[in-house]
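The data block below is final_34.cif; it holds mmCIF, C-alpha atoms and all ligand atoms.
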data_structure
loop_
_atom_site.label_atom_id
_atom_site.label_comp_id
_atom_site.auth_asym_id
_atom_site.auth_seq_id
_atom_site.Cartn_x
_atom_site.Cartn_y
_atom_site.Cartn_z
CA MET A 1 0.00 0.00 0.00
CA SER A 2 1.75 3.14 -1.18
CA GLN A 3 -0.72 6.00 -1.13
CA GLN A 4 -0.16 8.69 1.50
CA PHE A 5 -3.76 9.89 1.73
CA VAL A 6 -6.65 8.22 3.52
CA PHE A 7 -9.26 6.55 1.32
CA SER A 8 -12.58 8.41 1.34
CA GLY A 9 -14.84 5.42 0.70
CA MET A 10 -15.18 1.63 0.58
CA GLY A 11 -15.03 1.57 -3.22
CA SER A 12 -11.30 2.38 -3.15
CA VAL A 13 -10.63 0.31 -0.01
CA ALA A 14 -12.11 -2.77 -1.71
CA MET A 15 -9.76 -2.44 -4.70
CA HIS A 16 -6.54 -1.03 -3.32
CA THR A 17 -5.95 -2.17 0.27
CA ALA A 18 -4.45 -5.63 -0.02
CA THR A 19 -1.47 -6.44 -2.20
CA HIS A 20 0.23 -9.69 -3.14
CA ASN A 21 3.97 -10.27 -3.29
CA ASN A 22 4.18 -9.49 -6.99
CA ALA A 23 7.28 -11.12 -8.49
CA GLU A 24 5.73 -11.39 -11.98
CA PHE A 25 4.06 -7.94 -12.17
CA SER A 26 0.57 -9.39 -12.38
CA HIS A 27 -2.20 -6.77 -12.26
CA ILE A 28 -4.75 -9.20 -10.77
CA THR A 29 -4.11 -11.34 -7.67
CA PRO A 30 -3.01 -14.77 -8.97
CA ILE A 31 -4.73 -18.02 -7.97
CA TYR A 32 -2.02 -19.67 -5.88
CA ALA A 33 -3.14 -23.23 -6.58
CA THR A 34 -0.55 -24.90 -4.40
CA SER A 35 -0.87 -27.10 -1.35
CA THR A 36 2.61 -26.38 0.00
CA PHE A 37 5.37 -23.75 -0.21
CA VAL A 38 9.11 -24.27 -0.64
CA PHE A 39 11.93 -23.32 1.71
CA ASP A 40 15.21 -22.19 0.11
CA THR A 41 17.07 -23.40 3.19
CA ALA A 42 16.36 -25.16 6.48
CA GLU A 43 16.91 -21.83 8.24
CA GLN A 44 14.26 -20.15 6.12
CA GLY A 45 11.84 -22.97 6.96
CA MET A 46 12.59 -22.54 10.66
CA GLU A 47 12.01 -18.81 10.39
CA ARG A 48 8.60 -19.22 8.76
CA PHE A 49 7.48 -21.81 11.29
CA ALA A 50 8.62 -19.57 14.15
CA SER A 51 6.78 -16.47 12.85
CA LYS A 52 3.38 -15.47 14.25
CA ASP A 53 1.85 -15.11 10.79
CA LYS A 54 2.70 -18.66 9.64
CA GLU A 55 2.68 -17.43 6.04
CA ASN A 56 3.52 -19.60 3.05
CA ILE A 57 4.01 -22.96 4.75
CA TYR A 58 0.95 -25.09 3.90
CA SER A 59 -2.37 -23.97 2.36
CA ARG A 60 -4.58 -25.37 5.13
CA TRP A 61 -2.78 -22.83 7.33
CA GLY A 62 -2.90 -19.94 4.88
CA ASN A 63 -2.32 -18.98 1.24
CA PRO A 64 -1.40 -15.72 -0.56
CA THR A 65 -4.73 -15.63 -2.44
CA PHE A 66 -6.69 -16.04 0.83
CA LYS A 67 -4.60 -13.30 2.37
CA VAL A 68 -5.70 -10.68 -0.17
CA ALA A 69 -9.38 -11.50 0.49
CA GLU A 70 -8.80 -11.48 4.28
CA GLU A 71 -7.01 -8.13 4.32
CA THR A 72 -9.63 -6.56 2.07
CA ILE A 73 -12.59 -7.72 4.18
CA ALA A 74 -10.84 -6.68 7.42
CA ALA A 75 -10.20 -3.21 5.93
CA LEU A 76 -13.84 -2.84 4.86
CA GLU A 77 -15.16 -3.79 8.32
CA ALA A 78 -12.68 -1.39 9.97
CA PHE A 79 -13.18 1.48 7.51
CA ASN A 80 -13.43 4.86 9.23
CA ILE A 81 -13.52 3.33 12.74
CA PHE A 82 -10.97 4.61 15.25
CA ASN A 83 -9.63 3.39 18.61
CA PRO A 84 -10.08 5.65 21.66
CA ASP A 85 -6.49 6.93 21.11
CA GLY A 86 -7.39 8.06 17.58
CA SER A 87 -5.49 5.33 15.72
CA PRO A 88 -7.35 3.47 12.97
CA LEU A 89 -8.97 0.18 14.08
CA GLN A 90 -7.01 -2.93 13.05
CA LEU A 91 -8.82 -6.23 12.50
CA LYS A 92 -7.75 -9.74 11.52
CA ALA A 93 -9.82 -11.95 9.21
CA LEU A 94 -9.66 -15.70 8.58
CA LEU A 95 -11.14 -16.96 5.31
CA HIS A 96 -12.98 -20.30 5.39
CA ALA A 97 -14.50 -22.80 2.96
CA SER A 98 -18.03 -21.72 3.90
CA GLY A 99 -19.96 -19.58 6.33
CA GLN A 100 -20.64 -22.74 8.31
CA ALA A 101 -16.89 -23.48 8.59
CA ALA A 102 -16.20 -19.95 9.86
CA MET A 103 -19.04 -20.36 12.36
CA SER A 104 -17.59 -23.68 13.56
CA THR A 105 -14.26 -21.94 14.27
CA LEU A 106 -16.08 -19.15 16.10
CA PHE A 107 -18.20 -21.36 18.36
CA LEU A 108 -15.79 -24.27 18.92
CA GLY A 109 -12.83 -21.93 19.37
CA LEU A 110 -14.53 -19.83 22.05
CA LEU A 111 -16.82 -22.26 23.88
CA LYS A 112 -16.20 -25.46 25.79
CA GLN A 113 -18.32 -28.05 27.57
CA GLY A 114 -20.54 -26.41 30.19
CA ASP A 115 -20.53 -22.99 28.49
CA ALA A 116 -23.59 -21.37 26.96
CA VAL A 117 -24.23 -19.08 23.98
CA LEU A 118 -27.05 -16.54 24.10
CA SER A 119 -28.86 -15.81 20.85
CA HIS A 120 -32.27 -14.87 19.47
CA TYR A 121 -35.20 -16.06 17.36
CA SER A 122 -35.12 -15.94 13.63
CA LEU A 123 -31.56 -17.14 12.99
CA TYR A 124 -30.13 -18.53 9.76
CA GLY A 125 -31.08 -22.23 9.63
CA GLY A 126 -27.47 -23.48 9.59
CA THR A 127 -26.62 -21.41 12.67
CA TYR A 128 -29.67 -22.70 14.52
CA GLU A 129 -28.70 -26.29 13.65
CA ILE A 130 -25.02 -25.89 14.66
CA MET A 131 -26.24 -24.63 18.03
CA HIS A 132 -28.88 -27.30 18.58
CA LYS A 133 -26.98 -30.28 17.11
CA VAL A 134 -23.18 -29.77 17.08
CA LEU A 135 -22.84 -27.53 20.15
CA ALA A 136 -25.51 -29.48 22.06
CA ASP A 137 -23.59 -32.75 21.50
CA ALA A 138 -20.41 -31.04 22.73
CA GLY A 139 -22.14 -30.05 25.97
CA ILE A 140 -22.57 -26.38 25.03
CA THR A 141 -26.03 -24.95 25.66
CA THR A 142 -27.90 -22.41 23.54
CA ILE A 143 -30.25 -19.98 25.24
CA ILE A 144 -32.69 -18.19 22.96
CA VAL A 145 -34.40 -14.93 23.91
CA ASP A 146 -36.10 -12.13 21.99
CA MET A 147 -33.20 -9.65 21.68
CA ARG A 148 -35.52 -7.03 20.24
CA ASN A 149 -36.48 -6.65 23.87
CA PRO A 150 -33.07 -5.90 25.53
CA PRO A 151 -34.24 -6.42 29.16
CA GLU A 152 -34.74 -10.12 28.26
CA VAL A 153 -31.00 -10.27 27.53
CA ALA A 154 -30.08 -8.86 30.95
CA THR A 155 -32.44 -11.32 32.65
CA ALA A 156 -31.00 -14.32 30.76
CA ILE A 157 -27.40 -13.30 31.56
CA ALA A 158 -28.27 -12.96 35.27
CA ALA A 159 -29.97 -16.38 35.27
CA HIS A 160 -27.18 -18.21 33.38
CA PRO A 161 -23.68 -17.38 34.64
CA ASN A 162 -22.24 -19.90 32.13
CA ILE A 163 -23.06 -17.65 29.14
CA LYS A 164 -19.75 -16.78 27.43
CA LEU A 165 -20.84 -15.50 24.03
CA VAL A 166 -23.73 -13.39 22.77
CA HIS A 167 -24.44 -14.07 19.09
CA ILE A 168 -26.51 -11.57 17.10
CA GLU A 169 -27.77 -11.87 13.52
CA THR A 170 -29.15 -8.65 12.08
CA PRO A 171 -31.01 -8.17 9.81
CA ALA A 172 -32.33 -11.73 10.12
CA ASN A 173 -34.22 -14.16 7.98
CA PRO A 174 -36.95 -14.09 6.65
CA THR A 175 -38.98 -11.24 8.17
CA ILE A 176 -35.93 -8.92 8.17
CA GLN A 177 -35.99 -8.41 11.94
CA CYS A 178 -33.23 -6.21 13.38
CA VAL A 179 -31.49 -6.33 16.74
CA ASP A 180 -30.01 -3.18 18.31
CA ILE A 181 -26.29 -4.07 18.21
CA GLU A 182 -25.27 -1.18 20.48
CA ALA A 183 -27.86 -1.90 23.19
CA ILE A 184 -27.17 -5.66 23.32
CA THR A 185 -23.39 -5.20 23.24
CA GLN A 186 -23.59 -2.71 26.08
CA ILE A 187 -25.43 -5.24 28.27
CA ALA A 188 -23.02 -8.04 27.30
CA LYS A 189 -19.98 -5.91 28.09
CA GLN A 190 -21.29 -5.05 31.56
CA HIS A 191 -20.78 -8.79 32.19
CA GLN A 192 -17.48 -9.13 30.24
CA LEU A 193 -19.13 -11.39 27.65
CA LEU A 194 -17.91 -11.84 24.09
CA VAL A 195 -20.18 -10.58 21.29
CA SER A 196 -20.33 -11.83 17.69
CA VAL A 197 -22.46 -10.41 14.87
CA ASP A 198 -23.55 -12.21 11.69
CA ASN A 199 -23.34 -9.32 9.21
CA THR A 200 -24.17 -11.38 6.10
CA PHE A 201 -27.51 -9.75 5.21
CA ALA A 202 -26.06 -6.24 5.47
CA SER A 203 -22.48 -6.52 4.12
CA PRO A 204 -19.81 -4.17 5.53
CA TYR A 205 -21.05 -1.45 3.18
CA LEU A 206 -24.39 -1.20 4.99
CA GLN A 207 -23.41 -2.03 8.55
CA GLN A 208 -20.13 -2.02 10.51
CA PRO A 209 -20.71 -3.73 13.88
CA PHE A 210 -17.14 -2.91 15.04
CA GLN A 211 -18.22 0.71 15.59
CA TYR A 212 -19.62 -0.80 18.82
CA PRO A 213 -17.46 -2.88 21.22
CA VAL A 214 -18.30 -6.07 19.29
CA ASP A 215 -15.55 -8.75 19.35
CA PHE A 216 -16.26 -10.72 16.17
CA VAL A 217 -18.04 -10.22 12.87
CA PHE A 218 -19.02 -13.14 10.69
CA HIS A 219 -19.99 -13.27 7.00
CA SER A 220 -21.10 -15.94 4.64
CA THR A 221 -19.04 -14.49 1.75
CA THR A 222 -21.24 -16.63 -0.51
CA LYS A 223 -23.74 -13.77 -0.41
CA PHE A 224 -23.10 -10.02 -1.00
CA LEU A 225 -19.29 -10.09 -0.66
CA ASN A 226 -18.87 -12.50 -3.57
CA GLY A 227 -22.01 -11.00 -5.10
CA HIS A 228 -22.21 -13.23 -8.16
CA GLY A 229 -23.21 -16.56 -6.66
CA SER A 230 -20.01 -18.17 -7.99
CA ALA A 231 -18.49 -19.63 -4.80
CA ILE A 232 -19.27 -20.71 -1.25
CA GLY A 233 -17.16 -19.06 1.45
CA GLY A 234 -17.10 -17.62 4.94
CA VAL A 235 -15.01 -15.25 6.98
CA LEU A 236 -14.46 -14.63 10.67
CA ILE A 237 -13.11 -11.20 11.60
CA GLY A 238 -11.83 -10.36 15.09
CA ARG A 239 -10.77 -7.31 17.07
CA ASP A 240 -8.33 -9.25 19.30
CA ILE A 241 -5.55 -9.81 16.75
CA GLU A 242 -3.54 -11.99 19.15
CA LEU A 243 -6.53 -14.32 19.72
CA MET A 244 -7.20 -14.45 15.96
CA LYS A 245 -3.56 -15.38 15.23
CA THR A 246 -3.28 -17.99 17.95
CA LYS A 247 -6.27 -19.97 19.21
CA LEU A 248 -8.75 -19.15 16.45
CA TRP A 249 -6.15 -19.55 13.68
CA LYS A 250 -5.24 -22.92 15.25
CA TRP A 251 -8.87 -24.09 15.48
CA HIS A 252 -9.55 -23.05 11.88
CA ALA A 253 -6.49 -25.00 10.72
CA LEU A 254 -7.30 -28.07 12.84
CA LEU A 255 -10.99 -28.21 11.93
CA GLY A 256 -9.85 -28.02 8.29
CA GLY A 257 -12.39 -25.49 7.06
CA ASN A 258 -9.81 -23.57 4.98
CA ALA A 259 -10.89 -21.81 1.78
CA ASN A 260 -9.51 -22.78 -1.63
CA PRO A 261 -7.52 -20.45 -3.93
CA PHE A 262 -9.99 -20.43 -6.84
CA ASP A 263 -12.98 -19.50 -4.65
CA ALA A 264 -10.85 -16.87 -2.91
CA TYR A 265 -9.97 -15.41 -6.33
CA LEU A 266 -13.67 -15.23 -7.30
CA LEU A 267 -14.39 -13.54 -3.96
CA ILE A 268 -11.64 -10.94 -4.51
CA GLN A 269 -13.07 -10.08 -7.94
CA GLY A 270 -16.58 -9.79 -6.50
CA ILE A 271 -15.62 -7.56 -3.57
CA LYS A 272 -14.13 -4.92 -5.89
CA THR A 273 -17.64 -3.85 -6.93
CA LEU A 274 -19.30 -4.23 -3.50
CA GLU A 275 -20.02 -0.52 -3.01
CA ILE A 276 -21.56 0.16 -6.40
CA ARG A 277 -23.51 -3.11 -6.33
CA MET A 278 -24.91 -2.36 -2.87
CA GLN A 279 -25.98 1.12 -3.94
CA ARG A 280 -27.97 -0.27 -6.87
CA HIS A 281 -29.31 -3.24 -4.80
CA CYS A 282 -30.64 -0.76 -2.24
CA GLU A 283 -32.12 1.68 -4.74
CA ASN A 284 -33.98 -1.16 -6.47
CA ALA A 285 -35.19 -2.74 -3.20
CA MET A 286 -36.72 0.52 -1.99
CA GLN A 287 -38.70 0.87 -5.20
CA VAL A 288 -39.83 -2.75 -5.09
CA ALA A 289 -40.95 -2.37 -1.45
CA LEU A 290 -42.97 0.77 -2.23
CA TYR A 291 -44.60 -0.92 -5.21
CA LEU A 292 -45.51 -4.10 -3.30
CA GLN A 293 -46.83 -2.15 -0.34
CA GLN A 294 -49.66 -0.67 -2.39
CA HIS A 295 -50.46 -3.84 -4.38
CA PRO A 296 -53.96 -5.28 -3.67
CA ALA A 297 -52.74 -8.94 -3.80
CA ILE A 298 -50.32 -8.30 -0.93
CA GLU A 299 -51.15 -8.45 2.75
CA GLN A 300 -47.90 -7.08 4.18
CA VAL A 301 -44.36 -6.12 3.14
CA HIS A 302 -41.42 -6.67 5.51
CA TYR A 303 -38.75 -4.13 4.61
CA THR A 304 -36.89 -2.06 7.17
CA GLY A 305 -36.99 0.95 4.87
CA LEU A 306 -40.76 1.19 5.35
CA THR A 307 -41.94 3.09 8.43
CA THR A 308 -44.47 0.28 8.97
CA HIS A 309 -41.67 -2.20 9.82
CA PRO A 310 -41.33 -2.58 13.60
CA ASP A 311 -37.51 -2.29 13.35
CA TYR A 312 -37.46 0.78 11.09
CA GLU A 313 -35.79 2.96 13.75
CA ILE A 314 -33.11 0.41 14.72
CA ALA A 315 -32.22 -0.19 11.07
CA LYS A 316 -32.00 3.57 10.50
CA LYS A 317 -29.65 3.92 13.47
CA GLN A 318 -27.16 1.18 12.62
CA MET A 319 -27.38 0.71 8.86
CA ARG A 320 -26.31 3.02 6.04
CA HIS A 321 -29.41 1.99 4.08
CA PRO A 322 -32.16 -0.59 4.78
CA GLY A 323 -30.61 -2.96 2.24
CA SER A 324 -31.87 -5.24 -0.51
CA MET A 325 -33.54 -8.07 1.42
CA LEU A 326 -37.28 -8.01 1.80
CA SER A 327 -40.19 -10.38 2.20
CA PHE A 328 -43.92 -10.06 1.66
CA GLU A 329 -47.11 -11.94 2.34
CA LEU A 330 -49.49 -12.81 -0.42
CA LYS A 331 -53.18 -12.81 0.48
CA GLY A 332 -53.96 -16.27 -0.95
CA GLY A 333 -51.75 -18.47 1.29
CA ILE A 334 -49.62 -21.36 0.08
CA GLU A 335 -51.34 -21.73 -3.32
CA ALA A 336 -50.89 -18.03 -4.07
CA GLY A 337 -47.23 -18.34 -3.04
CA LYS A 338 -46.57 -21.23 -5.41
CA LYS A 339 -48.52 -19.60 -8.23
CA PHE A 340 -46.59 -16.33 -7.91
CA ILE A 341 -43.25 -18.13 -7.90
CA ASN A 342 -44.20 -20.15 -10.98
CA GLN A 343 -45.35 -17.06 -12.92
CA LEU A 344 -41.95 -15.30 -12.67
CA GLN A 345 -40.27 -14.82 -16.05
CA MET A 346 -36.99 -13.09 -15.13
CA CYS A 347 -36.48 -13.13 -11.36
CA VAL A 348 -34.77 -16.39 -10.45
CA ARG A 349 -36.39 -19.11 -8.33
CA ALA A 350 -33.61 -20.02 -5.91
CA VAL A 351 -32.64 -19.92 -2.26
CA SER A 352 -29.51 -17.98 -1.19
CA LEU A 353 -29.20 -14.21 -1.56
CA GLY A 354 -26.92 -11.32 -2.37
CA THR A 355 -26.31 -12.11 -6.04
CA VAL A 356 -26.42 -9.52 -8.83
CA ASP A 357 -29.64 -11.08 -10.14
CA THR A 358 -32.93 -11.06 -8.21
CA LEU A 359 -33.58 -14.29 -6.28
CA VAL A 360 -37.04 -15.22 -5.08
CA SER A 361 -37.93 -18.04 -2.71
CA HIS A 362 -41.06 -19.36 -1.01
CA PRO A 363 -40.00 -20.58 2.46
CA ALA A 364 -43.19 -22.60 3.16
CA SER A 365 -42.64 -24.81 0.08
CA MET A 366 -38.80 -24.67 0.03
CA THR A 367 -36.36 -23.91 2.88
CA HIS A 368 -38.87 -24.48 5.67
CA MET A 369 -40.94 -27.28 4.10
CA SER A 370 -39.83 -29.80 6.73
CA VAL A 371 -40.49 -27.44 9.66
CA PRO A 372 -43.89 -28.14 11.30
CA LYS A 373 -46.42 -25.40 10.48
CA GLU A 374 -46.85 -24.23 14.12
CA GLU A 375 -43.05 -23.88 14.45
CA ARG A 376 -42.84 -21.95 11.17
CA LEU A 377 -45.61 -19.57 12.20
CA LYS A 378 -43.77 -18.77 15.45
CA PHE A 379 -40.92 -17.42 13.31
CA GLY A 380 -43.32 -15.43 11.12
CA ILE A 381 -42.99 -17.85 8.18
CA THR A 382 -46.57 -17.85 6.98
CA ASP A 383 -47.86 -19.90 4.03
CA GLY A 384 -47.91 -16.96 1.63
CA LEU A 385 -44.54 -15.47 2.61
CA ILE A 386 -42.19 -14.74 -0.31
CA ARG A 387 -38.56 -13.74 0.25
CA MET A 388 -36.75 -11.56 -2.27
CA SER A 389 -33.09 -10.69 -2.63
CA VAL A 390 -33.52 -7.72 -4.95
CA GLY A 391 -30.83 -7.69 -7.64
CA ILE A 392 -29.18 -4.98 -9.71
CA GLU A 393 -31.10 -5.53 -12.96
CA ASN A 394 -32.82 -2.52 -14.51
CA ILE A 395 -35.59 -1.64 -12.11
CA ALA A 396 -38.28 -1.38 -14.82
CA ASP A 397 -37.71 -5.04 -15.67
CA ILE A 398 -37.95 -6.23 -12.06
CA MET A 399 -41.19 -4.27 -11.79
CA ALA A 400 -42.54 -5.66 -15.07
CA ASP A 401 -41.87 -9.22 -13.89
CA LEU A 402 -43.53 -8.65 -10.51
CA GLN A 403 -46.48 -6.94 -12.10
CA GLN A 404 -47.22 -9.79 -14.53
CA ALA A 405 -46.63 -12.47 -11.85
CA LEU A 406 -49.04 -10.77 -9.44
CA ALA A 407 -51.72 -10.14 -12.08
C1 LIG A 501 -25.78 -18.32 4.06
C2 LIG A 501 -25.70 -17.88 5.45
C3 LIG A 501 -24.90 -18.54 6.40
C4 LIG A 501 -24.13 -19.80 6.08
O1 LIG A 501 -23.15 -19.59 5.12
P1 LIG A 501 -22.69 -20.68 4.01
O2 LIG A 501 -21.74 -19.90 3.17
O3 LIG A 501 -23.90 -21.18 3.29
O4 LIG A 501 -22.01 -21.79 4.77
C5 LIG A 501 -24.87 -18.03 7.69
N1 LIG A 501 -25.59 -16.94 8.05
C6 LIG A 501 -26.37 -16.29 7.16
C7 LIG A 501 -27.14 -15.09 7.62
C8 LIG A 501 -26.46 -16.73 5.85
O5 LIG A 501 -27.27 -16.08 4.98
#
Structure re-expressed in structure tokens:
Amino acid sequence: MSQQFVFSGMGSVAMHTATHNNAEFSHITPIYATSTFVFDTAEQGMERFASKDKENIYSRWGNPTFKVAEETIAALEAFNIFNPDGSPLQLKALLHASGQAAMSTLFLGLLKQGDAVLSHYSLYGGTYEIMHKVLADAGITTIIVDMRNPPEVATAIAAHPNIKLVHIETPANPTIQCVDIEAITQIAKQHQLLVSVDNTFASPYLQQPFQYPVDFVFHSTTKFLNGHGSAIGGVLIGRDIELMKTKLWKWHALLGGNANPFDAYLLIQGIKTLEIRMQRHCENAMQVALYLQQHPAIEQVHYTGLTTHPDYEIAKKQMRHPGSMLSFELKGGIEAGKKFINQLQMCVRAVSLGTVDTLVSHPASMTHMSVPKEERLKFGITDGLIRMSVGIENIADIMADLQQALA
């Protein structure tokens, strides 16, 4: 990094922060498709093993292509955030094969038998299952409260002295509920608890949890960071650099959830356009939400940019823009949901989110089909609920598709 001025926005940070050791003058970060790295001498090998960074030894431990993605994501999450002494915030990121792998490092690296994690309703399915299957089998308890009501958090912490970690996901699936990161972190820190935030739905462009005393931020890079739906990936970012380089680096290497160089390369290419993509995603989503809100076939729209959403104020406080994720309820129940989905001519029928094209899913007949109806309804997943990840196509075409599918 050679420039002497401070970058004014995430667009430049995403392209120009991280550099690779460029022996061949390559413009683009190469795909270092290598399992191992050579030592010129025994002494050089010793030196690399002895160093804290453990760079260029073995790709399960780290790889130059991963490093560019890690440094870029850490810089985006830290952008424009300063320590109390005025120095810029430094963060350390570890790239993983998937969001689930990064989450395994987070939970298994921080919690042991007898500990508990405190979280809330309406979590990503994979997170909920790690907690209730993997952690439960390891003797780690999950306590679920409604974090949109902060006093419930204080009560749970007082009742369960074994809580070590508070895990927040905001905005959360599929009704786009938001949790007040500042309020919950403040309560957690009064009890010296660790706090992690799943920032996947927002991306660092829309929300930077490290502006509060949060310890860890998690992303499924599969979503907005990659942005093109071309690779699965996950990242864990931490404020305590020493902890990230020692215990959590060790757990990530031992659990074997390392990324691969080709997926890391795709991620690096995707991140370069994060800012401009997010701007267009958000512009389009706002227009879609306003259109759906007045449509006679629709019962309710869940979008935090609408003043009718119960978390409108929280989203406004902690997010740069309400984002591109929304859901809505069709009046005709499950049949109306299926019919709408089948009528779409351009928007893509698929689960996942955060890709350049608009993705539409129907939780009752897809992701949550195996969840008993009463359980689903508790999480706000009604029969006619449709989830949309609004893409960056030309807005008139998204509107035309919705209009004909709702007719
Ligand atoms: C997709 C997702 C995950 C899991 O990430 P994978 O990359 O699929 O392993 C976790 N949290 C949220 C909010 C997600 O959307």
At a cut-off of 8 Å around ligand LIG 501 (chain A), and using only C-alpha atoms and all ligand atoms, what residues come up? Please write them as a PyMOL selection string. chain A and resi 97-103+123-127+169+172-173+198-201+219-223+232-234+352-353
Which polymer residues, whether protein, DNA or RNA, lie within 9 Å of the coordinate (5.6, -17.6, 1.3) when you count all atoms listed in the file? List them as a PyMOL selection string, using the chain letters and numbers from the file. chain A and resi 21+37-39+48+54-57+63-64
If I take atom CA of Thr307 of chain A and atom CA of Val356 of chain A, how far is one from the other in Å, to one decimal?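 We find that atom CA of Thr307 of chain A and atom CA of Val356 of chain A lie 26.4 Å from each other.
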Close residues, Met286 of chain A itself excluded, 9 Å, only C-alpha atoms, min 2 positions apart in chain, as a ChimeraX atom specification: /A:281-284,288-291,303,305-306,322-324
At a cut-off of 10 Å, using only C-alpha atoms, what residues contact Gly256 of chain A? Leave out same-chain residues fewer than 5 positions from it and give the result as JSON, numbers by chain. {"A": [60, 61, 96, 97, 101, 105, 250, 251]}
Those residues you just picked out, can you put them in a file as a PDB file, in the frame of the given file with C-alpha atoms?
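Output file selection-v3.pdb follows:
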ATOM      1  CA  ARG A  60      -4.580 -25.370   5.130  1.00  0.00           C
ATOM      2  CA  TRP A  61      -2.780 -22.830   7.330  1.00  0.00           C
ATOM      3  CA  HIS A  96     -12.980 -20.300   5.390  1.00  0.00           C
ATOM      4  CA  ALA A  97     -14.500 -22.800   2.960  1.00  0.00           C
ATOM      5  CA  ALA A 101     -16.890 -23.480   8.590  1.00  0.00           C
ATOM      6  CA  THR A 105     -14.260 -21.940  14.270  1.00  0.00           C
ATOM      7  CA  LYS A 250      -5.240 -22.920  15.250  1.00  0.00           C
ATOM      8  CA  TRP A 251      -8.870 -24.090  15.480  1.00  0.00           C
TER       9      TRP A 251
END
Using all atoms listed in the file: which of A:Ala253, A:Ile28, A:Leu248, A:Ala405 has the shortest distance to Lys338 of chain A: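 For Lys338 of chain A, the nearest of the given residues is A:Ala405.
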If I take atom CA of His191 of chain A and atom CA of Pro209 of chain A, how far is one from the other in Å, to one decimal?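 Calculated distance between atom CA of His191 of chain A and atom CA of Pro209 of chain A is 19.0 Å.
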Within 10 Å of Ser365 of chain A, counting only C-alpha atoms, which residues qualify if same-chain residues fewer than 6 places away don't, as an NGL selection string? :A and (334-335 or 337-338 or 383-385)
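Proximity of A:Thr175, A:Gln44, A:Gln403, A:Thr65 to His302 of chain A, computed with all atoms listed in the file, is greatest for A:Thr175.
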